Amino acid sequence: MSRSAVRTSKAGIITVNSENISKCGFFCVSDPKHPGYEKKLQWLKKRFKEGLSIKLLFPPGEKKAAGFIEYIPGEHAWRPVDAKGYMMIHCIFIDKRANKGRGYGSLLLEQCIYDARSQGMKGVAVVASEGTWMASPDLFIKNGFEVVDETPPHFKLLARKFGKSSLLKFVGDRGRTPAKYKGLNLVYTHQCPFSARFLKDIEEFAEEAGLKLKATNLRTSKEAQNAPCAYGTFTLVHNGKVVADHPISRSRFRNIVRKELKLI
């Protein structure tokens, strides 16, 4: 396992690629028996060819990663964003239990910004949210990003531009194109490995309850860029209306179809 070119007094960084991913892993799911592990692994192997990068961060003296960042050139982004020419961040996460306040999130952002500059890009972009399952806008604003677009209910598109750059925006109806989804639909991608477990639980409950649920796997970045909500990787839609804009548990799904949609 080789370290990347960047190592600081704060932490060490490993760049994950197709050659070392089996040894390094990809942080968010480490158990090969997890339903989403193999699906995410195969998804990543295809994305590396498109310029995707994963960086794992290790505190000094630690062998276990404390966080990671995943990003890809905007034309291949799995978010409903028009970000051609930008580096698009999919995910950034720091385990805060023992690492809060150490600047590790900013350190990972520096890696992405450095790569974007070295590749002659226009800047770095990210979708953030004050809701769950996404990083807060605060981290990015602290590191020189600005809000360039917004879409309900709580999603913000932020960018750190290198000089004068072209406009960034959510695609479709402000990042939402749910109208074509009739009936009860679960739209997901394998960009997030947790999708597989939630999908399995929801499909099992739907079958038990006699619900007609259509699950749609978005298989390309072009399809993901037209996802029905700004989260991009997991959306529950009922007759053109988004009723869950992030991964939900079996119990949450049950409550939605019983109490909110009154389908059972």
# chains A, B, ... in the order shown; residues from 1 in each chain; ligands from 1

call {"tool": "closest_atom_pairs", "arguments": {"of": "region 160-208 of chain A", "to": "region 83-106 of chain A", "cutoff": "12 Å", "atoms": "only C-alpha atoms", "output": "Markdown table"}}
result
| residue | atom | partner | partner_atom | distance |
| --- | --- | --- | --- | --- |
| A:Arg160 | CA | A:Tyr86 | CA | 9.3 |
| A:Lys161 | CA | A:Tyr86 | CA | 8.5 |
| A:Phe162 | CA | A:Tyr86 | CA | 9.7 |
| A:Ser165 | CA | A:Gly85 | CA | 9.2 |
| A:Ser166 | CA | A:Gly85 | CA | 8.8 |
| A:Leu167 | CA | A:Ala83 | CA | 8.5 |
| A:Leu168 | CA | A:Ala83 | CA | 5.8 |
| A:Lys169 | CA | A:Ala83 | CA | 7.3 |
| A:Phe170 | CA | A:Ala83 | CA | 8.7 |
| A:Val171 | CA | A:Ala83 | CA | 9.5 |
| A:Gln191 | CA | A:His90 | CA | 8.5 |
| A:Cys192 | CA | A:Cys91 | CA | 9.1 |
| A:Pro193 | CA | A:Cys91 | CA | 11.9 |

call {"tool": "residues_around", "arguments": {"residues": "Gly172 (chain A)", "least_positions_apart": "3", "cutoff": "12 Å", "atoms": "only C-alpha atoms", "output": "list of chain:residue names"}}
result
A:Arg79, A:Pro80, A:Val81, A:Asp82, A:Thr151, A:Lys169, A:Gly175, A:Arg176, A:Thr177, A:Pro178, A:Ala179, A:Glu223, A:Ala224, A:Gln225, A:Asn226, A:Ala227, A:Pro228, A:Cys229, A:Ala230

call {"tool": "write_last_selection", "arguments": {"atoms": "C-alpha atoms", "output": "mmCIF file, in the first residue's frame"}}
result
data_model
loop_
_atom_site.group_PDB
_atom_site.id
_atom_site.type_symbol
_atom_site.label_atom_id
_atom_site.label_comp_id
_atom_site.auth_asym_id
_atom_site.auth_seq_id
_atom_site.Cartn_x
_atom_site.Cartn_y
_atom_site.Cartn_z
ATOM 1 C CA ARG A 79 -25.596 14.547 -8.964
ATOM 2 C CA PRO A 80 -28.290 16.499 -10.870
ATOM 3 C CA VAL A 81 -25.911 19.379 -11.544
ATOM 4 C CA ASP A 82 -24.552 21.015 -14.690
ATOM 5 C CA THR A 151 -33.390 23.927 -4.635
ATOM 6 C CA LYS A 169 -26.708 25.190 -11.639
ATOM 7 C CA GLY A 175 -32.628 19.805 -9.719
ATOM 8 C CA ARG A 176 -35.939 17.924 -9.501
ATOM 9 C CA THR A 177 -37.525 15.967 -12.354
ATOM 10 C CA PRO A 178 -40.004 13.663 -10.577
ATOM 11 C CA ALA A 179 -43.084 14.199 -12.778
ATOM 12 C CA GLU A 223 -29.227 9.272 -15.755
ATOM 13 C CA ALA A 224 -28.074 10.399 -12.295
ATOM 14 C CA GLN A 225 -27.832 13.991 -13.528
ATOM 15 C CA ASN A 226 -31.570 13.746 -14.185
ATOM 16 C CA ALA A 227 -32.413 12.174 -10.825
ATOM 17 C CA PRO A 228 -35.750 13.199 -9.281
ATOM 18 C CA CYS A 229 -34.153 15.122 -6.411
ATOM 19 C CA ALA A 230 -30.929 16.976 -5.680
#

call {"tool": "residues_around", "arguments": {"residues": "Cys112 (chain A)", "least_positions_apart": "6", "cutoff": "9 Å", "atoms": "only C-alpha atoms", "output": "list in words"}}
result
Ser53, Lys55, Ile69, Glu70, Tyr71, Met87, Ile89 and Val124 of chain A

call {"tool": "write_last_selection", "arguments": {"atoms": "N, CA and C atoms", "output": "tab-separated table (two decimals), in the first residue's frame"}}
result
chain	number	residue	atom	x	y	z
A	53	SER	N	-11.75	10.06	-7.91
A	53	SER	CA	-10.68	9.94	-6.92
A	53	SER	C	-11.27	9.78	-5.53
A	55	LYS	N	-9.81	9.77	-1.49
A	55	LYS	CA	-8.69	9.97	-0.58
A	55	LYS	C	-9.13	9.53	0.82
A	69	ILE	N	-12.82	11.51	1.18
A	69	ILE	CA	-13.49	12.38	0.22
A	69	ILE	C	-13.52	11.65	-1.12
A	70	GLU	N	-14.65	11.79	-1.83
A	70	GLU	CA	-14.81	11.19	-3.16
A	70	GLU	C	-15.21	12.29	-4.13
A	71	TYR	N	-14.50	12.40	-5.26
A	71	TYR	CA	-14.84	13.43	-6.24
A	71	TYR	C	-14.51	12.96	-7.66
A	87	MET	N	-14.56	20.15	-10.80
A	87	MET	CA	-14.44	18.90	-10.06
A	87	MET	C	-15.63	18.84	-9.11
A	89	ILE	N	-17.59	17.13	-5.98
A	89	ILE	CA	-17.46	16.30	-4.79
A	89	ILE	C	-18.75	15.51	-4.60
A	124	VAL	N	-14.19	23.84	-8.05
A	124	VAL	CA	-14.70	22.66	-7.35
A	124	VAL	C	-16.14	22.95	-6.93

call {"tool": "closest_residue", "arguments": {"among": "A:Lys180, A:Ile14, A:Val242, A:Ala159", "to": "Asn143 (chain A)", "atoms": "only C-alpha atoms"}}
result
A:Ala159

call {"tool": "select_by_dssp", "arguments": {"residues": "region 3-162 of chain A", "states": "helix (DSSP H, G or I)", "output": "JSON, numbers by chain"}}
result
{"A": [21, 22, 23, 24, 37, 38, 39, 40, 41, 42, 43, 44, 45, 46, 47, 48, 74, 75, 76, 96, 97, 98, 99, 104, 105, 106, 107, 108, 109, 110, 111, 112, 113, 114, 115, 116, 117, 118, 137, 138, 139, 140, 141, 142]}

call {"tool": "residues_around", "arguments": {"residues": "region 30-38 of chain A", "least_positions_apart": "3", "cutoff": "10 Å", "atoms": "only C-alpha atoms", "output": "ChimeraX atom specification"}}
result
/A:24-27,41-44,190-200

call {"tool": "residues_around", "arguments": {"residues": "Ser136 (chain A)", "least_positions_apart": "5", "cutoff": "10 Å", "atoms": "only C-alpha atoms", "output": "PyMOL selection string"}}
result
chain A and resi 127-131+141+155-156

call {"tool": "write_last_selection", "arguments": {"atoms": "N, CA and C atoms", "output": "short mmCIF file (atom, residue, chain, number, x, y, z; two decimals), in the first residue's frame"}}
result
data_model
loop_
_atom_site.label_atom_id
_atom_site.label_comp_id
_atom_site.auth_asym_id
_atom_site.auth_seq_id
_atom_site.Cartn_x
_atom_site.Cartn_y
_atom_site.Cartn_z
N VAL A 127 -22.82 19.54 -3.76
CA VAL A 127 -24.18 19.72 -3.26
C VAL A 127 -24.13 19.45 -1.76
N ALA A 128 -24.62 20.40 -0.97
CA ALA A 128 -24.61 20.28 0.49
C ALA A 128 -26.01 20.51 1.02
N SER A 129 -26.20 20.18 2.29
CA SER A 129 -27.54 20.28 2.87
C SER A 129 -27.47 20.38 4.38
N GLU A 130 -28.44 21.07 4.97
CA GLU A 130 -28.57 21.10 6.41
C GLU A 130 -29.34 19.89 6.90
N GLY A 131 -29.84 19.08 5.97
CA GLY A 131 -30.55 17.86 6.32
C GLY A 131 -29.57 16.73 6.58
N ILE A 141 -18.13 26.72 2.97
CA ILE A 141 -18.07 28.18 3.06
C ILE A 141 -16.80 28.61 3.79
N PHE A 155 -31.44 21.92 -0.22
CA PHE A 155 -30.19 21.63 -0.92
C PHE A 155 -29.56 22.90 -1.47
N LYS A 156 -28.24 22.97 -1.35
CA LYS A 156 -27.48 24.10 -1.86
C LYS A 156 -26.34 23.60 -2.74
#

call {"tool": "select_by_dssp", "arguments": {"residues": "region 110-251 of chain A", "states": "strand (DSSP E or B)", "output": "ChimeraX atom specification"}}
result
/A:123-129,146-151,155-161,169-170,173,176,184-188,213-217,234-238,241-244

call {"tool": "closest_residue", "arguments": {"among": "A:Lys40, A:Lys45, A:Ala77, A:Tyr231", "to": "Ala135 (chain A)", "atoms": "only C-alpha atoms"}}
result
A:Tyr231

call {"tool": "decode", "arguments": {"residues": "region 151-185 of chain A", "atoms": "C-alpha atoms", "output": "PDB file, in the first residue's frame"}}
result
ATOM      1  CA  THR A 151     -33.390  23.927  -4.635  1.00  0.00           C
ATOM      2  CA  PRO A 152     -36.107  22.939  -2.130  1.00  0.00           C
ATOM      3  CA  PRO A 153     -36.348  21.698   0.455  1.00  0.00           C
ATOM      4  CA  HIS A 154     -32.808  22.245   1.767  1.00  0.00           C
ATOM      5  CA  PHE A 155     -30.194  21.626  -0.917  1.00  0.00           C
ATOM      6  CA  LYS A 156     -27.481  24.103  -1.865  1.00  0.00           C
ATOM      7  CA  LEU A 157     -25.004  23.997  -4.718  1.00  0.00           C
ATOM      8  CA  LEU A 158     -21.703  25.530  -3.676  1.00  0.00           C
ATOM      9  CA  ALA A 159     -18.573  26.236  -5.673  1.00  0.00           C
ATOM     10  CA  ARG A 160     -15.048  27.447  -5.229  1.00  0.00           C
ATOM     11  CA  LYS A 161     -14.273  29.036  -8.549  1.00  0.00           C
ATOM     12  CA  PHE A 162     -10.804  29.638  -9.938  1.00  0.00           C
ATOM     13  CA  GLY A 163     -11.145  33.119 -11.407  1.00  0.00           C
ATOM     14  CA  LYS A 164     -14.076  33.967 -13.662  1.00  0.00           C
ATOM     15  CA  SER A 165     -15.961  30.773 -14.411  1.00  0.00           C
ATOM     16  CA  SER A 166     -19.151  29.711 -16.136  1.00  0.00           C
ATOM     17  CA  LEU A 167     -22.442  29.429 -14.289  1.00  0.00           C
ATOM     18  CA  LEU A 168     -23.141  26.330 -12.223  1.00  0.00           C
ATOM     19  CA  LYS A 169     -26.708  25.190 -11.639  1.00  0.00           C
ATOM     20  CA  PHE A 170     -28.998  22.353 -10.707  1.00  0.00           C
ATOM     21  CA  VAL A 171     -30.416  20.709 -13.828  1.00  0.00           C
ATOM     22  CA  GLY A 172     -34.038  20.166 -14.751  1.00  0.00           C
ATOM     23  CA  ASP A 173     -36.718  21.728 -12.589  1.00  0.00           C
ATOM     24  CA  ARG A 174     -34.171  23.230 -10.158  1.00  0.00           C
ATOM     25  CA  GLY A 175     -32.628  19.805  -9.719  1.00  0.00           C
ATOM     26  CA  ARG A 176     -35.939  17.924  -9.501  1.00  0.00           C
ATOM     27  CA  THR A 177     -37.525  15.967 -12.354  1.00  0.00           C
ATOM     28  CA  PRO A 178     -40.004  13.663 -10.577  1.00  0.00           C
ATOM     29  CA  ALA A 179     -43.084  14.199 -12.778  1.00  0.00           C
ATOM     30  CA  LYS A 180     -42.451  11.159 -14.985  1.00  0.00           C
ATOM     31  CA  TYR A 181     -42.516   8.780 -12.022  1.00  0.00           C
ATOM     32  CA  LYS A 182     -46.092   7.484 -11.700  1.00  0.00           C
ATOM     33  CA  GLY A 183     -47.155   5.314  -8.787  1.00  0.00           C
ATOM     34  CA  LEU A 184     -44.695   4.435  -6.024  1.00  0.00           C
ATOM     35  CA  ASN A 185     -41.055   4.595  -7.151  1.00  0.00           C
TER      36      ASN A 185
END
